[in-house]
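Here is input_20.txt, consisting of compact mmCIF, C-alpha atoms and all ligand atoms:
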```txt
# COMPACT_ATOMS: atom_id res chain seq x y z
CA MET A 274 18.42 -181.31 10.89
CA THR A 275 21.26 -181.20 8.36
CA ASP A 276 20.35 -181.57 4.76
CA VAL A 277 22.66 -184.49 3.96
CA LEU A 278 21.96 -184.20 0.23
CA GLY A 279 23.15 -180.61 0.35
CA LEU A 280 26.52 -181.38 1.98
CA PRO A 281 29.57 -180.43 -0.10
CA VAL A 282 31.52 -182.97 -2.14
CA LEU A 283 34.95 -182.23 -3.62
CA VAL A 284 35.03 -183.07 -7.34
CA LEU A 285 38.28 -184.34 -8.89
CA ASN A 286 38.89 -184.71 -12.60
CA ARG A 287 40.41 -187.83 -14.12
CA ASN A 288 43.85 -186.72 -13.03
CA PHE A 289 42.66 -186.28 -9.45
CA ASP A 290 42.96 -182.50 -9.62
CA PRO A 291 40.25 -180.64 -7.73
CA ILE A 292 37.92 -178.80 -10.09
CA GLU A 293 34.92 -177.77 -8.04
CA VAL A 294 32.65 -178.49 -5.12
CA THR A 295 29.24 -180.00 -5.70
CA SER A 296 26.45 -181.35 -3.52
CA VAL A 297 25.91 -184.90 -2.32
CA ARG A 298 22.71 -184.86 -4.38
CA ARG A 299 24.53 -184.19 -7.67
CA ALA A 300 27.41 -186.50 -6.74
CA LEU A 301 25.01 -189.41 -6.31
CA VAL A 302 23.36 -188.69 -9.65
CA LEU A 303 26.75 -188.70 -11.40
CA MET A 304 27.67 -191.96 -9.67
CA TYR A 305 24.35 -193.51 -10.53
CA CYS A 306 24.86 -192.59 -14.21
CA GLY A 307 28.33 -194.10 -14.19
CA ALA A 308 30.01 -190.75 -14.81
CA ALA A 309 31.85 -190.71 -11.51
CA GLU A 310 33.06 -192.82 -8.63
CA ALA A 311 33.31 -191.97 -4.98
CA PHE A 312 36.77 -191.85 -3.45
CA ASP A 313 36.81 -193.01 0.14
CA ASP A 314 39.73 -194.04 2.35
CA GLY A 315 42.04 -194.63 -0.58
CA GLU A 316 39.55 -196.60 -2.66
CA LEU A 317 37.28 -195.86 -5.59
CA TYR A 318 33.69 -197.05 -5.51
CA ASP A 319 31.14 -197.24 -8.26
CA PHE A 320 27.50 -196.86 -7.29
CA GLU A 321 26.90 -200.57 -6.77
CA ARG A 322 29.84 -200.99 -4.42
CA TRP A 323 29.06 -197.72 -2.70
CA ARG A 324 25.61 -198.96 -1.83
CA SER A 325 27.12 -201.75 0.25
CA LEU A 326 28.97 -199.33 2.55
CA ASP A 327 27.44 -198.27 5.83
CA PRO A 328 27.09 -194.59 6.62
CA ARG A 329 29.96 -193.26 8.76
CA THR A 330 27.55 -191.78 11.26
CA GLU A 331 23.90 -190.96 11.40
CA ALA A 332 24.80 -187.44 10.32
CA ASP A 333 25.78 -188.55 6.84
CA ALA A 334 23.25 -191.27 6.25
CA ILE A 335 20.89 -190.95 3.34
CA THR A 336 17.79 -193.01 3.84
CA ILE A 337 16.87 -195.12 0.83
CA VAL A 338 14.53 -198.01 0.26
CA GLY A 339 15.90 -200.93 2.24
CA GLY A 340 18.65 -199.13 4.11
CA ALA A 341 20.91 -196.12 4.25
CA LEU A 342 23.51 -194.73 1.88
CA ARG A 343 26.78 -193.12 2.93
CA ALA A 344 27.19 -189.53 1.74
CA PRO A 345 30.29 -189.31 -0.49
CA ARG A 346 32.87 -186.63 0.33
CA ILE A 347 35.11 -186.92 -2.72
CA LEU A 348 34.00 -187.62 -6.26
CA HIS A 349 36.26 -188.74 -9.09
CA LEU A 350 34.98 -187.97 -12.58
CA LEU A 351 35.51 -190.78 -15.06
CA ARG A 352 34.46 -189.48 -18.40
CA TYR A 353 35.34 -185.85 -18.42
CA GLU A 354 38.72 -184.27 -18.74
CA ARG A 355 37.38 -181.15 -17.18
CA ARG A 356 40.16 -178.75 -16.64
CA PRO A 357 40.54 -176.68 -13.57
CA GLY A 358 40.95 -172.98 -13.98
CA LEU A 359 37.85 -170.93 -14.46
CA GLY A 360 38.75 -167.39 -13.62
CA VAL A 361 38.32 -166.06 -10.12
CA ARG A 362 34.89 -164.49 -9.75
CA LEU A 363 34.76 -160.79 -9.05
CA THR A 364 32.95 -160.66 -5.72
CA ARG A 365 33.19 -158.46 -2.68
CA ARG A 366 34.53 -161.36 -0.67
CA ASN A 367 37.22 -162.27 -3.22
CA LEU A 368 38.27 -158.62 -3.47
CA MET A 369 38.72 -158.53 0.27
CA PHE A 370 40.82 -161.69 0.18
CA ARG A 371 42.96 -160.27 -2.61
CA ASP A 372 43.52 -157.07 -0.65
CA ALA A 373 44.07 -158.98 2.61
CA PHE A 374 41.19 -157.11 4.31
CA GLU A 375 43.31 -153.96 4.34
CA CYS A 376 42.44 -150.48 3.28
CA GLN A 377 44.55 -150.04 0.16
CA TYR A 378 45.11 -146.36 0.96
CA CYS A 379 45.98 -146.20 4.65
CA CYS A 380 46.69 -149.92 5.27
CA ILE A 381 44.49 -150.32 8.35
CA ARG A 382 42.40 -153.47 8.88
CA PRO A 383 39.11 -152.17 10.23
CA GLY A 384 37.18 -155.45 9.92
CA ILE A 385 34.86 -156.58 7.15
CA ALA A 386 31.89 -154.48 8.23
CA GLN A 387 33.95 -151.30 8.05
CA LEU A 388 35.54 -152.01 4.67
CA ASN A 389 34.17 -150.48 1.50
CA ILE A 390 34.85 -151.33 -2.10
CA ASP A 391 36.32 -148.30 -3.84
CA HIS A 392 36.32 -147.58 -7.57
CA VAL A 393 39.86 -146.24 -8.07
CA PHE A 394 38.78 -144.26 -11.11
CA PRO A 395 35.36 -143.08 -9.91
CA ARG A 396 32.30 -144.91 -11.14
CA SER A 397 30.52 -141.56 -11.47
CA ARG A 398 33.01 -140.73 -14.20
CA GLY A 399 32.78 -144.03 -16.02
CA GLY A 400 35.24 -146.06 -13.96
CA ALA A 401 34.91 -149.80 -14.61
CA THR A 402 33.73 -152.39 -12.11
CA SER A 403 36.72 -154.66 -12.65
CA TRP A 404 39.54 -156.32 -10.77
CA GLU A 405 41.84 -153.59 -12.07
CA ASN A 406 39.68 -150.70 -10.86
CA LEU A 407 38.37 -151.94 -7.50
CA VAL A 408 40.14 -151.98 -4.15
CA THR A 409 39.09 -152.30 -0.55
CA SER A 410 39.22 -149.10 1.46
CA CYS A 411 38.22 -148.04 4.95
CA ARG A 412 35.27 -145.72 5.34
CA SER A 413 37.30 -142.64 6.13
CA CYS A 414 39.57 -143.05 3.11
CA ASN A 415 36.49 -143.68 0.99
CA LEU A 416 34.90 -140.47 2.25
CA ARG A 417 38.07 -138.49 1.87
CA LYS A 418 38.56 -139.63 -1.70
CA GLY A 419 34.96 -139.03 -2.71
CA GLY A 420 34.48 -138.75 -6.49
CA ARG A 421 38.15 -138.12 -7.19
CA THR A 422 41.00 -140.19 -8.52
CA PRO A 423 43.80 -141.06 -6.06
CA ASP A 424 46.00 -138.42 -7.72
CA GLU A 425 43.36 -135.73 -7.42
CA ALA A 426 42.78 -136.64 -3.78
CA ASN A 427 46.51 -136.84 -3.14
CA MET A 428 46.19 -140.44 -1.96
CA ARG A 429 48.37 -143.37 -2.89
CA LEU A 430 47.39 -146.95 -3.51
CA LYS A 431 49.33 -149.49 -1.55
CA ARG A 432 49.54 -151.74 -4.62
CA ASN A 433 48.26 -151.82 -8.14
CA PRO A 434 45.02 -153.79 -8.28
CA VAL A 435 45.19 -156.82 -10.56
CA ARG A 436 43.09 -159.89 -11.31
CA PRO A 437 44.15 -162.65 -8.91
CA ARG A 438 45.48 -165.90 -10.35
CA TRP A 439 44.42 -168.27 -7.63
CA SER A 440 44.43 -172.00 -8.25
CA VAL A 441 41.16 -173.88 -8.03
CA ALA A 442 42.40 -175.42 -4.79
CA THR A 443 42.95 -171.96 -3.32
CA GLN A 444 39.50 -170.83 -4.40
CA ILE A 445 37.92 -173.91 -2.85
CA THR A 446 39.87 -173.36 0.36
CA LEU A 447 38.70 -169.75 0.56
CA LYS A 448 35.11 -170.83 0.15
CA HIS A 449 35.36 -173.79 2.52
CA PRO A 450 37.74 -172.68 5.26
CA SER A 451 37.21 -175.85 7.29
CA PRO A 452 36.92 -178.61 4.70
CA PHE A 453 36.49 -182.29 5.44
CA GLN A 454 39.80 -183.90 6.46
CA GLU A 455 39.54 -186.12 3.38
CA TRP A 456 39.79 -183.10 1.10
CA VAL A 457 43.00 -181.72 2.54
CA PRO A 458 45.56 -183.82 0.61
CA PHE A 459 43.89 -182.92 -2.70
CA LEU A 460 43.75 -179.24 -1.90
CA LYS A 461 47.40 -179.21 -0.84
CA ALA A 462 48.75 -181.13 -3.79
CA SER A 463 47.82 -178.67 -6.50
ZN ZN B 501 41.96 -146.14 4.86
```
Please express the file's structure as structure tokens.
Amino acid sequence: MTDVLGLPVLVLNRNFDPIEVTSVRRALVLMYCGAAEAFDDGELYDFERWRSLDPRTEADAITIVGGALRAPRILHLLRYERRPGLGVRLTRRNLMFRDAFECQYCCIRPGIAQLNIDHVFPRSRGGATSWENLVTSCRSCNLRKGGRTPDEANMRLKRNPVRPRWSVATQITLKHPSPFQEWVPFLKAS
């Protein structure tokens, strides 16, 4: 059984810019407190009005005393001017997206399971774990390079690693590759 309360909800700030994804559970709390409204089929709903809607299907019905509540898919924050734009988190997955799943030395695409994360300046010699010092590399390039710098190993980086400047919409799209249809216009617009 799906955990309806755990389903994702796209959160928009007052200007209708996407800022994050939350759960149905938290979305309902924010609506109940009057901090947010649900956006559904072109209309905004406060909690009272939302309660009068029927669930779309059984799959997104939340059982409450005396009936069922529709799970919101888009939330519009009323009180907060929260700005989009927290930095992109340094994760293995985000590194692979930045480097397009390619070995940054020999340019092959061996598949996620065969890709390593390489410290350009070796970690064993104090190299930082940072966007600027990490790249994806295939296993054989990783082995060949060992504890050396690219220069020492006579290897060349395809491109200089930098911190990505992805929009919030891009980050949400990477994390939720098949979002609800309702989200798409908001993720495209920004
Ligand atoms: Zn390689």
I'd like the neighbourhood of Phe394 (chain A) as a short mmCIF file (atom, residue, chain, number, x, y, z; two decimals) with C-alpha atoms, in the frame of the given file, where a residue qualifies if any of its atoms comes within 8 Å (using all atoms listed in the file), though same-chain residues fewer than 4 positions away should be ignored.
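around_30.cif was written with the following content:
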```cif
data_model
loop_
_atom_site.label_atom_id
_atom_site.label_comp_id
_atom_site.auth_asym_id
_atom_site.auth_seq_id
_atom_site.Cartn_x
_atom_site.Cartn_y
_atom_site.Cartn_z
CA ARG A 398 33.01 -140.73 -14.20
CA GLY A 399 32.78 -144.03 -16.02
CA GLY A 400 35.24 -146.06 -13.96
CA ALA A 401 34.91 -149.80 -14.61
CA ASN A 406 39.68 -150.70 -10.86
CA ARG A 421 38.15 -138.12 -7.19
CA THR A 422 41.00 -140.19 -8.52
CA PRO A 423 43.80 -141.06 -6.06
#
```
TODO: List the neighbours of region 307-315 of chain A out to 6 Å using all atoms listed in the file; skip same-chain residues closer than 3 positions along the sequence, and give me the result as a ChimeraX atom specification.
DONE: /A:303-304,318-319,347-352
Open item on the list: What's around Ala341 (chain A) at 12 Å? Count only C-alpha atoms, leave out sequence neighbours fewer than 4 positions away in its own chain, and write the answer as a list in words.
Closed with: Val277, Trp323, Arg324, Ser325, Leu326, Asp327, Pro328, Arg329, Thr330, Glu331, Ala332, Asp333, Ala334, Ile335, Thr336 and Ile337 of chain A
Task: Protein and nucleic residues near ligand ZN 501 (chain B), 8 Å, all atoms listed in the file, as a VMD selection string - done: chain A and resid 375 to 381 410 to 415
Please write the residues from the selection above to a file, keeping C-alpha atoms, as a PDB file, in the frame of the given file.
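Final file, selection-v6.pdb:
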```pdb
ATOM      1  CA  GLU A 375      43.310-153.960   4.340  1.00  0.00           C
ATOM      2  CA  CYS A 376      42.440-150.480   3.280  1.00  0.00           C
ATOM      3  CA  GLN A 377      44.550-150.040   0.160  1.00  0.00           C
ATOM      4  CA  TYR A 378      45.110-146.360   0.960  1.00  0.00           C
ATOM      5  CA  CYS A 379      45.980-146.200   4.650  1.00  0.00           C
ATOM      6  CA  CYS A 380      46.690-149.920   5.270  1.00  0.00           C
ATOM      7  CA  ILE A 381      44.490-150.320   8.350  1.00  0.00           C
ATOM      8  CA  SER A 410      39.220-149.100   1.460  1.00  0.00           C
ATOM      9  CA  CYS A 411      38.220-148.040   4.950  1.00  0.00           C
ATOM     10  CA  ARG A 412      35.270-145.720   5.340  1.00  0.00           C
ATOM     11  CA  SER A 413      37.300-142.640   6.130  1.00  0.00           C
ATOM     12  CA  CYS A 414      39.570-143.050   3.110  1.00  0.00           C
ATOM     13  CA  ASN A 415      36.490-143.680   0.990  1.00  0.00           C
TER      14      ASN A 415
END
```
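Using only C-alpha atoms, the shortest contact distance between Thr364 (chain A) and any of A:Ala344, A:Glu293, A:Lys448, A:Lys461 is found at A:Lys448.
CA of Ser397 (chain A) is positioned 26.2 Å from CA of Ala373 (chain A).
Shortest atom-to-atom contact with Pro458 (chain A) among A:Glu321, A:Asp290, A:Asp424, A:Asp372: A:Asp290, counting all atoms listed in the file.
The nearest approach to Val393 (chain A) among the residues A:Arg417, A:Pro434, A:Leu363, A:Leu280, with all atoms listed in the file taken into account, belongs to A:Pro434.
Of the listed residues A:Gly339, A:Gly360, A:Pro281, A:Pro345, the one whose atoms come nearest to Glu316 (chain A) is A:Pro345, with distances taken using only C-alpha atoms.
Nearest residue to Leu368 (chain A) among A:Leu447, A:Val294, A:Asn427, A:Leu317 is A:Leu447, counting only C-alpha atoms.
Between CA of Gly279 (chain A) and CA of Val297 (chain A) the separation is 5.8 Å.
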